Each structure stands twice: as C-alpha cells, then as structure tokens.
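Notes to accompany the following structure.
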Amino acid sequence: MTVPVLTDTHCHIDAYDNPVAVLEDAHRAGIHVIAVTEDPGKYRLLRTRLGRRDGLDVALGFHPLRAGNASPHDLARFLRLLPQATWIGEIGLDFSRAGVKTRKQQLRVFESILADPQVRTRPVTVHSRGAERETIAQLAQAQVSAILHWYTGPLAAVDDALAAGLWFSINPAMVRSTKAGPLLRRLPPERVLLETDGPFARSGSRSAVPSDLIGTLDHLARLWDISPGEARKAVAQNEQRLRYHSEHPPA
Ligand SMILES: [Zn+2]
C-alpha cells in the first residue's frame, strides 16, 4: 500500500535560508509544498527560481499588509498573472494593529481579487488576523474554495465558515498551543488541511519545515482517536475534495 502524499498548503519557502534543501526534505517525507507569495512580483521571481520543480506549486499572492500600500498597477499585475496560477495565496485581510490603518485599501484589493471568476477555480489560502468575520463573509459571498490559514479568530465565527464550505489549515505550532485547543476540538476532521507557515511558525525551538507535518498529523490522530495512518488518509482525502471543489465551482 502506498502512503498518500500530503500537502503543506501554506509555506513561505523563499524565506528559508536554503529553500531547495527544505523542498528536498519535504519530497522525501511525501509532502507537496504550496509556496505562498506576498505580492505578484515575488510570485514571478519564485516561479523563475523554483517553478519547474516536482512537488511544488508557487501560489500567486497579495498579502493584506502589502495590499495596504499597493498601487493600482500591482493589482492589475496580479489579475494579469491569475490565468497561469494553480494556487492563490496568501491573500486576505488584516485588521490587527499592524493592518488596521490600511483597512480600506486592503478591502479594495481583496474584493477585486474575489470578484475575478478565475479565483473560484483555484484553491485559495487566506490570512484573516483580526478580520475573521469580514474575511469569512467575503469568502462566503464569493463562493471560493478557501482555506483559513492559522485561524485565531472567535470560535463563534467557525460555524459560519464551515457553513460556507471553508477549510482550516493546521500547523505544528497550533497543535502545541493550548490556545488553539478549542478550535481543534471544534473542527470536523473532514474540513482540516495542513500547513507549516514556515519559517515563521515554530516547531519547538526552530522554524517549522514541511516534514514536521508528519508530527502534526500524529497530534490530530490522537485528537480524532484514530491511527496516524488513518489520519493521513483522511487529510489526503480532504485535499482531493478541495481540488475537486475548486475544479467544479458552484454554478
Ligand atoms: Zn503566511
């Protein structure tokens, strides 16, 4: 029996000291990496550097904290690159202290991206810090196959996200944190995906890398009271459903 490939749905591969070594380690662990980017320029750069590599998709992104002081030219560039992108992210909203001042500009970029029908045919990984309800409402309205990455918002909004068909990606730092416990217990296993948010998220005392997801899966298996093998199969099935949904968006 072959072990199903897993996907790290949110990894800042360009921020590691040695991206190629991290990708090779991920490949050995059977993990496909979605390399998120923070703006269209970074996407082009990363595609050029790493684009044609097995086990990797470079995602077209526009980070909300970048969107806050972007020009209309940057947004146009994003929309122009959209047809060639297989994944979108990271995009989203950030109304935390770091982003609240550029709320309006962020909303303009996020809404323009979601208004493009091509976004509905790609998986999207989304940042929502401090803006969870607004982000969930926008995604629900746009009917995109979106993943809420490292969700730290109110538990009460989780049901709205689930009702909208959204997914949640869980990282090595989350399964170790007591703060994320209530969220992890609340999420139905069939809506859970994996991410590292590396190298920004920690796995113990060092930066998380995609191969840490095997340990994250062990945590989830204990939580769900199934074997690690069954948990791996369950999450791999979720990834397949995510792909199916993005290839067959609601009419
Ligand atoms: Zn990120």
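If you're wondering about the labels, chains in the structure tokens are A, B, ... by order shown, residues count from 1 in each chain, ligands from 1 in order shown.
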Residues of chain A that approach ligand 1 to 10 Å or less, counting only C-alpha atoms and all ligand atoms: could you list each one with the shortest pair of atoms and its distance in Å to one decimal, rows by chain and increasing residue number, as a Markdown table?
| residue | atom | partner | partner_atom_place_in_ligand_line | distance |
| --- | --- | --- | --- | --- |
| A:His10 | CA | ligand 1 | 1 (Zn) | 6.4 |
| A:Cys11 | CA | ligand 1 | 1 (Zn) | 6.8 |
| A:His12 | CA | ligand 1 | 1 (Zn) | 6.5 |
| A:Ala35 | CA | ligand 1 | 1 (Zn) | 9.7 |
| A:Val36 | CA | ligand 1 | 1 (Zn) | 7.2 |
| A:Thr37 | CA | ligand 1 | 1 (Zn) | 8.3 |
| A:Glu38 | CA | ligand 1 | 1 (Zn) | 8.3 |
| A:His63 | CA | ligand 1 | 1 (Zn) | 8.2 |
| A:Gly89 | CA | ligand 1 | 1 (Zn) | 8.5 |
| A:Glu90 | CA | ligand 1 | 1 (Zn) | 6.5 |
| A:Ile91 | CA | ligand 1 | 1 (Zn) | 9.2 |
| A:Thr125 | CA | ligand 1 | 1 (Zn) | 8.8 |
| A:Val126 | CA | ligand 1 | 1 (Zn) | 8.4 |
| A:His127 | CA | ligand 1 | 1 (Zn) | 7.1 |
| A:His149 | CA | ligand 1 | 1 (Zn) | 7.6 |
| A:Trp150 | CA | ligand 1 | 1 (Zn) | 8.4 |
| A:Glu195 | CA | ligand 1 | 1 (Zn) | 9.4 |
| A:Thr196 | CA | ligand 1 | 1 (Zn) | 8.8 |
| A:Asp197 | CA | ligand 1 | 1 (Zn) | 5.2 |
| A:Gly198 | CA | ligand 1 | 1 (Zn) | 7.7 |
| A:Pro199 | CA | ligand 1 | 1 (Zn) | 9.1 |
| A:Phe200 | CA | ligand 1 | 1 (Zn) | 7.6 |
| A:Ala201 | CA | ligand 1 | 1 (Zn) | 8.8 |
Can you tell me, as a CSV table (one decimal) with N, CA and C atoms, in the first residue's frame, what residues are no more than 7 Å from stretch 228-232 of chain A when counting only C-alpha atoms, ignoring any on the same chain fewer than 5 positions away?
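Contents of around23.csv, freshly written:
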chain,number,residue,atom,x,y,z
A,217,LEU,N,0.3,15.6,12.1
A,217,LEU,CA,-0.7,14.5,11.9
A,217,LEU,C,-0.9,13.6,13.0
A,218,ASP,N,0.2,13.2,13.7
A,218,ASP,CA,0.1,12.4,14.9
A,218,ASP,C,-0.7,13.0,16.0
A,221,ALA,N,-4.3,12.7,14.9
A,221,ALA,CA,-4.7,11.4,15.0
A,221,ALA,C,-5.2,11.1,16.5
Among stretch 95-193 of chain A, which ones does DSSP assign to alpha helix (DSSP H) (computed from the backbone)? Answer as a ChimeraX atom specification. /A:103-115,132-142,158-163,172-176,181-186
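Around A:Asp74, within 10 Å and counting only C-alpha atoms, the residues found are Asp39, Pro40, Gly41, Phe62, Arg66, Ala67, Asn69, Ala70, Phe78, Leu79, Arg80 and Val109 of chain A, once anything fewer than 4 positions away on its own chain is removed.
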Residues from the last selection, N, CA, C and O atoms, saved as a PDB file, in the first residue's frame:
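File written: selection_5.pdb
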ATOM      1  N   ASP A  39       3.373  39.151  -2.933  1.00  0.00           N
ATOM      2  CA  ASP A  39       2.942  40.096  -3.965  1.00  0.00           C
ATOM      3  C   ASP A  39       3.274  39.497  -5.339  1.00  0.00           C
ATOM      4  O   ASP A  39       4.054  38.548  -5.433  1.00  0.00           O
ATOM      5  N   PRO A  40       2.659  40.050  -6.387  1.00  0.00           N
ATOM      6  CA  PRO A  40       2.837  39.466  -7.723  1.00  0.00           C
ATOM      7  C   PRO A  40       4.286  39.454  -8.181  1.00  0.00           C
ATOM      8  O   PRO A  40       4.698  38.543  -8.904  1.00  0.00           O
ATOM      9  N   GLY A  41       5.079  40.442  -7.754  1.00  0.00           N
ATOM     10  CA  GLY A  41       6.487  40.474  -8.149  1.00  0.00           C
ATOM     11  C   GLY A  41       7.246  39.279  -7.573  1.00  0.00           C
ATOM     12  O   GLY A  41       8.034  38.625  -8.256  1.00  0.00           O
ATOM     13  N   PHE A  62      -1.067  38.149  -2.599  1.00  0.00           N
ATOM     14  CA  PHE A  62      -1.074  39.580  -2.355  1.00  0.00           C
ATOM     15  C   PHE A  62      -1.399  39.744  -0.879  1.00  0.00           C
ATOM     16  O   PHE A  62      -2.564  39.797  -0.489  1.00  0.00           O
ATOM     17  N   ARG A  66       0.747  43.996   2.426  1.00  0.00           N
ATOM     18  CA  ARG A  66       1.308  44.562   1.189  1.00  0.00           C
ATOM     19  C   ARG A  66       0.237  45.322   0.439  1.00  0.00           C
ATOM     20  O   ARG A  66       0.483  46.394  -0.120  1.00  0.00           O
ATOM     21  N   ALA A  67      -0.956  44.742   0.417  1.00  0.00           N
ATOM     22  CA  ALA A  67      -2.066  45.349  -0.319  1.00  0.00           C
ATOM     23  C   ALA A  67      -2.362  46.735   0.230  1.00  0.00           C
ATOM     24  O   ALA A  67      -2.815  47.619  -0.488  1.00  0.00           O
ATOM     25  N   ASN A  69      -0.469  49.159   0.945  1.00  0.00           N
ATOM     26  CA  ASN A  69       0.153  50.308   0.271  1.00  0.00           C
ATOM     27  C   ASN A  69       0.577  49.974  -1.147  1.00  0.00           C
ATOM     28  O   ASN A  69       1.607  50.406  -1.632  1.00  0.00           O
ATOM     29  N   ALA A  70      -0.287  49.203  -1.811  1.00  0.00           N
ATOM     30  CA  ALA A  70      -0.007  48.824  -3.192  1.00  0.00           C
ATOM     31  C   ALA A  70      -0.600  49.847  -4.156  1.00  0.00           C
ATOM     32  O   ALA A  70      -1.516  50.578  -3.806  1.00  0.00           O
ATOM     33  N   PHE A  78      -1.402  41.467 -10.644  1.00  0.00           N
ATOM     34  CA  PHE A  78      -1.931  40.255 -10.014  1.00  0.00           C
ATOM     35  C   PHE A  78      -2.984  39.626 -10.923  1.00  0.00           C
ATOM     36  O   PHE A  78      -2.946  38.430 -11.216  1.00  0.00           O
ATOM     37  N   LEU A  79      -3.940  40.438 -11.370  1.00  0.00           N
ATOM     38  CA  LEU A  79      -5.048  39.906 -12.160  1.00  0.00           C
ATOM     39  C   LEU A  79      -4.565  39.380 -13.513  1.00  0.00           C
ATOM     40  O   LEU A  79      -5.110  38.414 -14.037  1.00  0.00           O
ATOM     41  N   ARG A  80      -3.496  39.988 -14.020  1.00  0.00           N
ATOM     42  CA  ARG A  80      -2.939  39.534 -15.293  1.00  0.00           C
ATOM     43  C   ARG A  80      -2.249  38.172 -15.142  1.00  0.00           C
ATOM     44  O   ARG A  80      -2.234  37.368 -16.064  1.00  0.00           O
ATOM     45  N   VAL A 109      -8.420  45.689  -2.524  1.00  0.00           N
ATOM     46  CA  VAL A 109      -7.646  44.652  -3.219  1.00  0.00           C
ATOM     47  C   VAL A 109      -8.326  43.289  -3.071  1.00  0.00           C
ATOM     48  O   VAL A 109      -8.520  42.557  -4.055  1.00  0.00           O
TER      49      VAL A 109
END
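Contact shell of A:Val58 at 9 Å (only C-alpha atoms; same-chain neighbours under 4 positions omitted): A:Val33, A:Ile34, A:Ala35, A:Val36, A:Thr37, A:Tyr43, A:Leu46, A:Arg47, A:Leu50, A:Gly51, A:Ala85, A:Thr86, A:Trp87, A:Ile88.
Around A:Leu220, within 12 Å and counting only C-alpha atoms, the residues found are Ser169, Ile170, Asn171, Pro172, Met174, Val175, Arg176, Gly181, Leu184, Arg185, Leu187, Pro188, Pro189, Glu190, Val192, Leu193, Leu194, Leu213, Ile214, Ile226, Ser227, Pro228, Gly229, Glu230, Ala231, Arg232, Ala234 and Val235 of chain A, once anything fewer than 6 positions away on its own chain is removed.
Atom CA of A:Glu24 to atom CA of A:Lys233 spans 22.4 Å [interatomic distance, one decimal].
The residue that comes closest to A:Ala29, out of A:Gln106, A:Gln138, A:Thr48, A:Ser211 and on the basis of only C-alpha atoms, is A:Ser211.
When atom CA of A:Arg28 is paired with atom CA of A:Tyr151, their separation reads 28.4 Å.
Among A:Arg52, A:Arg103, A:Lys42, A:Arg120, the residue with the shortest atom-to-atom distance to A:Gly68, counting only C-alpha atoms, is A:Arg103.
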Kindly give the distance, in Å, that separates atom CA of A:Phe95 and atom CA of A:Leu166, rounded to a single decimal. 20.2 Å
DSSP-assigned strand (DSSP E) members of stretch 77-201 of chain A, reported as JSON, numbers by chain: {"A": [87, 88, 89, 90, 91, 92, 124, 125, 126, 127, 146, 147, 148, 149, 167, 168, 169, 170, 192, 193, 194]}
For those residues, write C-alpha atoms to a file as a compact mmCIF listing (two decimals), in the first residue's frame.
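Saved to selection05.txt:
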# COMPACT_ATOMS: atom_id res chain seq x y z
CA TRP A 87 -2.98 28.23 -6.37
CA ILE A 88 -3.80 31.64 -4.90
CA GLY A 89 -2.29 32.97 -1.67
CA GLU A 90 -1.66 34.42 0.51
CA ILE A 91 -4.41 36.98 0.22
CA GLY A 92 -6.84 38.23 2.83
CA VAL A 124 -7.02 29.90 -2.09
CA THR A 125 -5.09 30.20 1.20
CA VAL A 126 -6.27 33.14 3.27
CA HIS A 127 -4.95 35.35 6.07
CA ALA A 146 -10.73 28.91 0.51
CA ILE A 147 -8.58 27.74 3.39
CA LEU A 148 -8.43 29.84 6.52
CA HIS A 149 -4.78 29.66 7.41
CA TRP A 167 -11.40 24.80 5.19
CA PHE A 168 -8.95 25.27 8.05
CA SER A 169 -5.23 24.57 7.81
CA ILE A 170 -3.45 23.47 10.96
CA VAL A 192 -8.94 20.05 8.18
CA LEU A 193 -5.87 20.59 6.00
CA LEU A 194 -2.21 21.09 6.90
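Nearest residue to A:Ala142 among A:Pro182, A:Gly61, A:Pro117, A:Pro154 is A:Pro117, counting only C-alpha atoms.
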Just want the 6 Å neighbourhood of stretch 238-250 of chain A, counted on only C-alpha atoms, with same-chain residues fewer than 3 positions away dropped. Output as JSON, numbers by chain. {"A": [121, 122, 123, 145, 235]}
Pull C-alpha atoms from the residues just selected and write them as a PDB file, in the first residue's frame.
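So selection_13.pdb came out as:
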ATOM      1  CA  THR A 121     -11.399  27.596  -9.894  1.00  0.00           C
ATOM      2  CA  ARG A 122      -8.257  27.573  -7.735  1.00  0.00           C
ATOM      3  CA  PRO A 123      -7.626  26.718  -4.098  1.00  0.00           C
ATOM      4  CA  SER A 145     -12.640  27.097  -2.187  1.00  0.00           C
ATOM      5  CA  VAL A 235      -6.395  14.559   5.330  1.00  0.00           C
TER       6      VAL A 235
END
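With only C-alpha atoms as the atoms that count, the residue of A:Ala115, A:Asp54, A:Gly204, A:Leu75 with the shortest distance to A:Gln141 is A:Ala115.
With only C-alpha atoms as the basis for measurement, A:Ala140 is the residue among A:Ala173, A:Ala140, A:Ile31, A:Leu81 that approaches A:Leu114 most closely.
Take the candidates A:Leu65, A:Trp224, A:Pro210, A:Arg49 and check each one against A:Leu6 using only C-alpha atoms; the shortest distance goes to A:Pro210.
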